[in-house]
>>> print(open('model.cif').read())   # mmCIF, N, CA and C atoms
data_entry
#
loop_
_atom_site.label_atom_id
_atom_site.label_comp_id
_atom_site.auth_asym_id
_atom_site.auth_seq_id
_atom_site.Cartn_x
_atom_site.Cartn_y
_atom_site.Cartn_z
N MET A 19 0.80 -1.21 0.00
CA MET A 19 0.00 0.00 0.00
C MET A 19 0.85 1.27 0.00
N PRO A 20 1.92 1.39 0.79
CA PRO A 20 2.72 2.61 0.72
C PRO A 20 3.24 2.90 -0.69
N GLU A 21 3.57 1.84 -1.46
CA GLU A 21 4.05 2.04 -2.82
C GLU A 21 2.96 2.67 -3.68
N ASP A 22 1.72 2.26 -3.49
CA ASP A 22 0.60 2.83 -4.24
C ASP A 22 0.42 4.31 -3.93
N ILE A 23 0.56 4.66 -2.67
CA ILE A 23 0.43 6.06 -2.25
C ILE A 23 1.56 6.88 -2.87
N ALA A 24 2.76 6.37 -2.82
CA ALA A 24 3.93 7.09 -3.35
C ALA A 24 3.81 7.32 -4.85
N ARG A 25 3.25 6.36 -5.56
CA ARG A 25 3.11 6.50 -7.01
C ARG A 25 2.25 7.69 -7.39
N GLY A 26 1.27 8.04 -6.59
CA GLY A 26 0.35 9.13 -6.90
C GLY A 26 0.83 10.50 -6.47
N LEU A 27 1.92 10.57 -5.75
CA LEU A 27 2.40 11.85 -5.22
C LEU A 27 3.25 12.56 -6.26
N ARG A 28 2.94 13.82 -6.52
CA ARG A 28 3.67 14.62 -7.50
C ARG A 28 4.29 15.83 -6.81
N PRO A 29 5.41 16.33 -7.35
CA PRO A 29 6.01 17.55 -6.78
C PRO A 29 4.97 18.68 -6.75
N GLY A 30 4.98 19.42 -5.66
CA GLY A 30 4.02 20.51 -5.50
C GLY A 30 2.72 20.08 -4.84
N THR A 31 2.69 18.86 -4.34
CA THR A 31 1.47 18.37 -3.69
C THR A 31 1.74 18.08 -2.22
N ARG A 32 0.68 17.93 -1.48
CA ARG A 32 0.75 17.58 -0.06
C ARG A 32 -0.05 16.29 0.12
N LEU A 33 0.54 15.36 0.81
CA LEU A 33 -0.10 14.07 1.03
C LEU A 33 -0.61 13.99 2.46
N ALA A 34 -1.83 13.52 2.63
CA ALA A 34 -2.40 13.33 3.96
C ALA A 34 -2.66 11.84 4.16
N ILE A 35 -2.10 11.29 5.24
CA ILE A 35 -2.29 9.89 5.56
C ILE A 35 -2.96 9.82 6.93
N TYR A 36 -4.12 9.20 6.98
CA TYR A 36 -4.85 9.06 8.23
C TYR A 36 -4.57 7.68 8.81
N MET A 37 -4.31 7.63 10.09
CA MET A 37 -4.06 6.38 10.81
C MET A 37 -2.81 5.67 10.28
N GLY A 38 -1.77 6.44 9.95
CA GLY A 38 -0.57 5.87 9.34
C GLY A 38 0.59 5.65 10.28
N VAL A 39 0.38 5.77 11.56
CA VAL A 39 1.49 5.65 12.52
C VAL A 39 2.18 4.29 12.41
N HIS A 40 1.42 3.22 12.31
CA HIS A 40 2.01 1.88 12.31
C HIS A 40 2.64 1.51 10.97
N THR A 41 2.37 2.29 9.93
CA THR A 41 2.98 2.02 8.62
C THR A 41 3.96 3.13 8.24
N ALA A 42 4.40 3.91 9.21
CA ALA A 42 5.27 5.06 8.92
C ALA A 42 6.60 4.65 8.28
N ALA A 43 7.20 3.56 8.73
CA ALA A 43 8.50 3.15 8.18
C ALA A 43 8.40 2.78 6.70
N PRO A 44 7.51 1.86 6.31
CA PRO A 44 7.42 1.55 4.89
C PRO A 44 6.91 2.73 4.06
N LEU A 45 6.08 3.56 4.66
CA LEU A 45 5.59 4.74 3.96
C LEU A 45 6.73 5.70 3.65
N ALA A 46 7.55 6.01 4.66
CA ALA A 46 8.67 6.93 4.45
C ALA A 46 9.65 6.36 3.42
N GLU A 47 9.93 5.07 3.51
CA GLU A 47 10.82 4.43 2.54
C GLU A 47 10.27 4.54 1.12
N ALA A 48 8.98 4.25 0.96
CA ALA A 48 8.35 4.30 -0.37
C ALA A 48 8.35 5.72 -0.93
N LEU A 49 8.05 6.70 -0.07
CA LEU A 49 8.03 8.09 -0.53
C LEU A 49 9.42 8.55 -0.97
N MET A 50 10.43 8.22 -0.18
CA MET A 50 11.80 8.63 -0.54
C MET A 50 12.27 7.89 -1.79
N ALA A 51 11.89 6.63 -1.95
CA ALA A 51 12.24 5.87 -3.16
C ALA A 51 11.56 6.47 -4.38
N ALA A 52 10.40 7.10 -4.17
CA ALA A 52 9.66 7.73 -5.28
C ALA A 52 10.14 9.15 -5.56
N GLY A 53 11.14 9.63 -4.79
CA GLY A 53 11.71 10.94 -5.09
C GLY A 53 11.40 12.05 -4.11
N VAL A 54 10.64 11.76 -3.08
CA VAL A 54 10.38 12.79 -2.07
C VAL A 54 11.64 12.90 -1.22
N ARG A 55 12.09 14.11 -1.03
CA ARG A 55 13.34 14.34 -0.29
C ARG A 55 13.19 13.99 1.19
N ALA A 56 14.28 13.50 1.78
CA ALA A 56 14.28 13.17 3.21
C ALA A 56 14.03 14.40 4.06
N ASP A 57 14.35 15.60 3.53
CA ASP A 57 14.12 16.82 4.31
C ASP A 57 12.76 17.46 4.03
N ALA A 58 11.86 16.71 3.39
CA ALA A 58 10.50 17.20 3.16
C ALA A 58 9.81 17.44 4.51
N ALA A 59 9.07 18.54 4.60
CA ALA A 59 8.37 18.89 5.84
C ALA A 59 7.22 17.92 6.11
N VAL A 60 7.12 17.52 7.38
CA VAL A 60 6.05 16.62 7.81
C VAL A 60 5.40 17.20 9.06
N LEU A 61 4.09 17.15 9.09
CA LEU A 61 3.34 17.52 10.29
C LEU A 61 2.53 16.30 10.71
N ILE A 62 2.65 15.94 11.98
CA ILE A 62 1.86 14.84 12.53
C ILE A 62 0.86 15.47 13.49
N ALA A 63 -0.41 15.28 13.22
CA ALA A 63 -1.47 15.80 14.09
C ALA A 63 -2.14 14.61 14.75
N GLU A 64 -2.00 14.55 16.07
CA GLU A 64 -2.51 13.41 16.84
C GLU A 64 -3.77 13.82 17.60
N ARG A 65 -4.76 12.93 17.58
CA ARG A 65 -6.01 13.14 18.33
C ARG A 65 -6.65 14.50 18.02
N VAL A 66 -6.77 14.80 16.75
CA VAL A 66 -7.31 16.08 16.29
C VAL A 66 -8.73 16.29 16.83
N ALA A 67 -9.01 17.52 17.22
CA ALA A 67 -10.33 17.96 17.69
C ALA A 67 -10.70 17.36 19.05
N THR A 68 -9.70 16.97 19.83
CA THR A 68 -9.95 16.53 21.19
C THR A 68 -9.10 17.38 22.13
N ARG A 69 -9.35 17.25 23.42
CA ARG A 69 -8.54 17.99 24.39
C ARG A 69 -7.09 17.52 24.40
N ARG A 70 -6.84 16.33 23.88
CA ARG A 70 -5.48 15.78 23.86
C ARG A 70 -4.78 15.98 22.52
N GLU A 71 -5.34 16.85 21.68
CA GLU A 71 -4.72 17.11 20.38
C GLU A 71 -3.31 17.66 20.55
N ARG A 72 -2.43 17.21 19.68
CA ARG A 72 -1.10 17.82 19.63
C ARG A 72 -0.56 17.68 18.21
N ARG A 73 0.37 18.56 17.90
CA ARG A 73 1.01 18.59 16.58
C ARG A 73 2.51 18.53 16.76
N VAL A 74 3.14 17.72 15.94
CA VAL A 74 4.60 17.57 15.99
C VAL A 74 5.11 17.72 14.56
N GLN A 75 6.16 18.52 14.41
CA GLN A 75 6.76 18.72 13.09
C GLN A 75 8.11 18.02 13.02
N CYS A 76 8.41 17.49 11.85
CA CYS A 76 9.70 16.85 11.61
C CYS A 76 9.93 16.82 10.10
N THR A 77 10.92 16.07 9.68
CA THR A 77 11.14 15.85 8.25
C THR A 77 10.74 14.40 7.94
N LEU A 78 10.63 14.11 6.67
CA LEU A 78 10.28 12.75 6.27
C LEU A 78 11.34 11.76 6.76
N GLY A 79 12.60 12.14 6.68
CA GLY A 79 13.67 11.28 7.15
C GLY A 79 13.66 11.04 8.65
N GLN A 80 13.01 11.92 9.40
CA GLN A 80 12.92 11.80 10.86
C GLN A 80 11.58 11.23 11.32
N LEU A 81 10.70 10.88 10.39
CA LEU A 81 9.33 10.51 10.74
C LEU A 81 9.25 9.37 11.74
N VAL A 82 9.90 8.27 11.45
CA VAL A 82 9.80 7.09 12.33
C VAL A 82 10.40 7.40 13.69
N GLU A 83 11.57 8.01 13.71
CA GLU A 83 12.23 8.36 14.97
C GLU A 83 11.35 9.30 15.79
N THR A 84 10.75 10.28 15.13
CA THR A 84 9.89 11.25 15.82
C THR A 84 8.68 10.56 16.44
N ILE A 85 8.05 9.68 15.69
CA ILE A 85 6.89 8.95 16.21
C ILE A 85 7.27 8.16 17.46
N LEU A 86 8.42 7.50 17.41
CA LEU A 86 8.86 6.72 18.57
C LEU A 86 9.23 7.61 19.76
N LEU A 87 10.03 8.64 19.51
CA LEU A 87 10.47 9.53 20.60
C LEU A 87 9.32 10.28 21.25
N GLU A 88 8.35 10.70 20.44
CA GLU A 88 7.23 11.47 20.96
C GLU A 88 6.08 10.60 21.47
N GLY A 89 6.17 9.30 21.24
CA GLY A 89 5.10 8.40 21.69
C GLY A 89 3.80 8.64 20.97
N ILE A 90 3.87 8.98 19.71
CA ILE A 90 2.66 9.29 18.93
C ILE A 90 1.91 8.01 18.63
N GLU A 91 0.58 8.09 18.78
CA GLU A 91 -0.30 6.96 18.53
C GLU A 91 -1.42 7.39 17.61
N ASN A 92 -2.06 6.41 16.99
CA ASN A 92 -3.28 6.70 16.24
C ASN A 92 -4.40 6.97 17.23
N PRO A 93 -5.37 7.79 16.90
CA PRO A 93 -5.59 8.39 15.60
C PRO A 93 -4.64 9.57 15.36
N ALA A 94 -4.05 9.54 14.17
CA ALA A 94 -3.13 10.62 13.80
C ALA A 94 -3.22 10.85 12.30
N LEU A 95 -2.96 12.08 11.93
CA LEU A 95 -2.91 12.49 10.53
C LEU A 95 -1.48 12.89 10.24
N ILE A 96 -0.89 12.30 9.21
CA ILE A 96 0.48 12.62 8.81
C ILE A 96 0.41 13.38 7.50
N LEU A 97 0.91 14.61 7.49
CA LEU A 97 0.92 15.45 6.29
C LEU A 97 2.35 15.57 5.80
N VAL A 98 2.57 15.22 4.52
CA VAL A 98 3.90 15.28 3.92
C VAL A 98 3.84 16.30 2.78
N ASP A 99 4.73 17.28 2.83
CA ASP A 99 4.78 18.34 1.82
C ASP A 99 5.88 18.00 0.81
N HIS A 100 5.46 17.69 -0.41
CA HIS A 100 6.41 17.35 -1.49
C HIS A 100 6.57 18.59 -2.37
N CYS A 101 7.56 19.42 -2.03
CA CYS A 101 7.77 20.70 -2.72
C CYS A 101 8.16 20.50 -4.17
N LYS A 102 7.77 21.48 -5.00
CA LYS A 102 8.20 21.48 -6.41
C LYS A 102 9.69 21.76 -6.50
N VAL A 103 10.15 22.72 -5.71
CA VAL A 103 11.55 23.15 -5.74
C VAL A 103 12.04 23.21 -4.31
N ALA A 104 13.25 22.79 -4.11
CA ALA A 104 13.84 22.88 -2.77
C ALA A 104 14.06 24.35 -2.45
N VAL A 105 13.49 24.80 -1.34
CA VAL A 105 13.60 26.19 -0.92
C VAL A 105 14.21 26.21 0.48
N ALA A 106 15.26 26.97 0.63
CA ALA A 106 15.88 27.09 1.95
C ALA A 106 14.95 27.87 2.86
N GLN A 107 14.76 27.37 4.06
CA GLN A 107 13.92 28.04 5.05
C GLN A 107 14.72 28.25 6.31
N PRO A 108 14.39 29.31 7.04
CA PRO A 108 15.06 29.50 8.33
C PRO A 108 14.75 28.33 9.26
N VAL A 109 15.66 28.02 10.15
CA VAL A 109 15.44 26.97 11.12
C VAL A 109 14.17 27.28 11.89
N GLY A 110 13.33 26.28 12.02
CA GLY A 110 12.07 26.45 12.75
C GLY A 110 10.90 26.88 11.87
N ALA A 111 11.17 27.25 10.61
CA ALA A 111 10.09 27.64 9.70
C ALA A 111 9.31 26.39 9.30
N SER A 112 8.06 26.57 8.96
CA SER A 112 7.23 25.44 8.62
C SER A 112 6.31 25.75 7.46
N HIS A 113 6.15 24.77 6.59
CA HIS A 113 5.15 24.87 5.53
C HIS A 113 3.75 24.76 6.11
N PHE A 114 3.63 24.28 7.33
CA PHE A 114 2.35 23.96 7.92
C PHE A 114 1.87 24.98 8.95
N ALA A 115 2.43 26.15 8.95
CA ALA A 115 2.11 27.14 9.98
C ALA A 115 0.62 27.43 10.05
N ALA A 116 -0.08 27.39 8.93
CA ALA A 116 -1.49 27.77 8.92
C ALA A 116 -2.43 26.60 9.16
N VAL A 117 -1.92 25.37 9.21
CA VAL A 117 -2.79 24.20 9.38
C VAL A 117 -3.47 24.26 10.73
N GLY A 118 -4.77 24.32 10.71
CA GLY A 118 -5.54 24.29 11.94
C GLY A 118 -5.52 25.57 12.75
N ASP A 119 -4.84 26.59 12.28
CA ASP A 119 -4.80 27.85 13.03
C ASP A 119 -5.93 28.78 12.62
#
>>> encode(input="model.cif", output="C-alpha cells")
Amino acid sequence: MPEDIARGLRPGTRLAIYMGVHTAAPLAEALMAAGVRADAAVLIAERVATRRERRVQCTLGQLVETILLEGIENPALILVDHCKVAVAQPVGASHFAAVGD
C-alpha cells in the first residue's frame, strides 16, 4: 500500500495519511524511493479535535524516529509536503504554519 500512495504523489502536492502511525517506516521508505526528499516537511497531528490534540513537526527522514520519541499513537494524521523546488527556510520555519490555526 505505501508504494501505491507514493506513485500518486507529485512535486508541489501535499499528502495526507490518516491512521498511518504503524505504517510510517514503509511509507517513508516508499516516498523517498519515489523521489520525495528526506528533508520534506512533515506535520503529525494526533487526536485532532480533542482535548489531547497535539502537533509535531519533523522531516520525512525523521518521521519514524519522531513517532517513537514522541510516543505518537493513532488516531493521527500525517501530512507530507512534497515541494516542487527545494527552498531554503530558516530553522524552525514550517510549511504547515497555517494548518488548523
>>> atom_distance(input="model.cif", atom1="atom N of Arg55 of chain A", atom2="atom C of Arg32 of chain A")
12.4 Å
>>> atom_distance(input="model.cif", atom1="atom CA of Val54 of chain A", atom2="atom CA of Pro93 of chain A")
24.2 Å
>>> closest_residue(input="model.cif", among="A:Gly89, A:Asp57, A:Ala63, A:Leu95", to="Thr77 of chain A", atoms="all atoms listed in the file")
A:Asp57
>>> resolve_selection(input="model.cif", expression="the PyMOL selection byres ((chain A and resi 97) around 6)", output="list in words")
Leu33, Ala34, Ile35, Ala59, Val60, Leu61, Ile62, Ala63, Leu95, Ile96, Val98 and Asp99 of chain A
>>> write_last_selection(input="model.cif", atoms="N, CA and C atoms", output="compact mmCIF listing (two decimals), in the frame of the given file")
# COMPACT_ATOMS: atom_id res chain seq x y z
N LEU A 33 0.54 15.36 0.81
CA LEU A 33 -0.10 14.07 1.03
C LEU A 33 -0.61 13.99 2.46
N ALA A 34 -1.83 13.52 2.63
CA ALA A 34 -2.40 13.33 3.96
C ALA A 34 -2.66 11.84 4.16
N ILE A 35 -2.10 11.29 5.24
CA ILE A 35 -2.29 9.89 5.56
C ILE A 35 -2.96 9.82 6.93
N ALA A 59 9.07 18.54 4.60
CA ALA A 59 8.37 18.89 5.84
C ALA A 59 7.22 17.92 6.11
N VAL A 60 7.12 17.52 7.38
CA VAL A 60 6.05 16.62 7.81
C VAL A 60 5.40 17.20 9.06
N LEU A 61 4.09 17.15 9.09
CA LEU A 61 3.34 17.52 10.29
C LEU A 61 2.53 16.30 10.71
N ILE A 62 2.65 15.94 11.98
CA ILE A 62 1.86 14.84 12.53
C ILE A 62 0.86 15.47 13.49
N ALA A 63 -0.41 15.28 13.22
CA ALA A 63 -1.47 15.80 14.09
C ALA A 63 -2.14 14.61 14.75
N LEU A 95 -2.96 12.08 11.93
CA LEU A 95 -2.91 12.49 10.53
C LEU A 95 -1.48 12.89 10.24
N ILE A 96 -0.89 12.30 9.21
CA ILE A 96 0.48 12.62 8.81
C ILE A 96 0.41 13.38 7.50
N VAL A 98 2.57 15.22 4.52
CA VAL A 98 3.90 15.28 3.92
C VAL A 98 3.84 16.30 2.78
N ASP A 99 4.73 17.28 2.83
CA ASP A 99 4.78 18.34 1.82
C ASP A 99 5.88 18.00 0.81
>>> resolve_selection(input="model.cif", expression="the PyMOL selection byres (((chain A and resi 50 and name CA) around 12) and name CA)", output="VMD selection string")
chain A and resid 20 to 21 23 to 25 27 43 to 49 51 to 58 77 to 81 98 100
>>> atom_distance(input="model.cif", atom1="atom N of Met37 of chain A", atom2="atom N of Ala94 of chain A")
4.5 Å
>>> axis_aligned_box(input="model.cif", around="segment 59-73 of chain A", padding_each_side="6 Å", output="JSON")
{"center_x": -0.8, "center_y": 15.9, "center_z": 14.5, "size_x": 31.8, "size_y": 18.0, "size_z": 31.8}
>>> select_by_dssp(input="model.cif", residues="segment 20-92 of chain A", states="alpha helix (DSSP H)", output="list in words")
Pro20, Glu21, Asp22, Ile23, Ala24, Arg25, Gly26, Ala42, Ala43, Pro44, Leu45, Ala46, Glu47, Ala48, Leu49, Met50, Ala51, Leu81, Val82, Glu83, Thr84, Ile85, Leu86, Leu87 and Glu88 of chain A
>>> residues_around(input="model.cif", residues="His40 of chain A", least_positions_apart="6", cutoff="8 Å", atoms="all atoms listed in the file", output="list in words")
Ile90, Glu91 and Asn92 of chain A
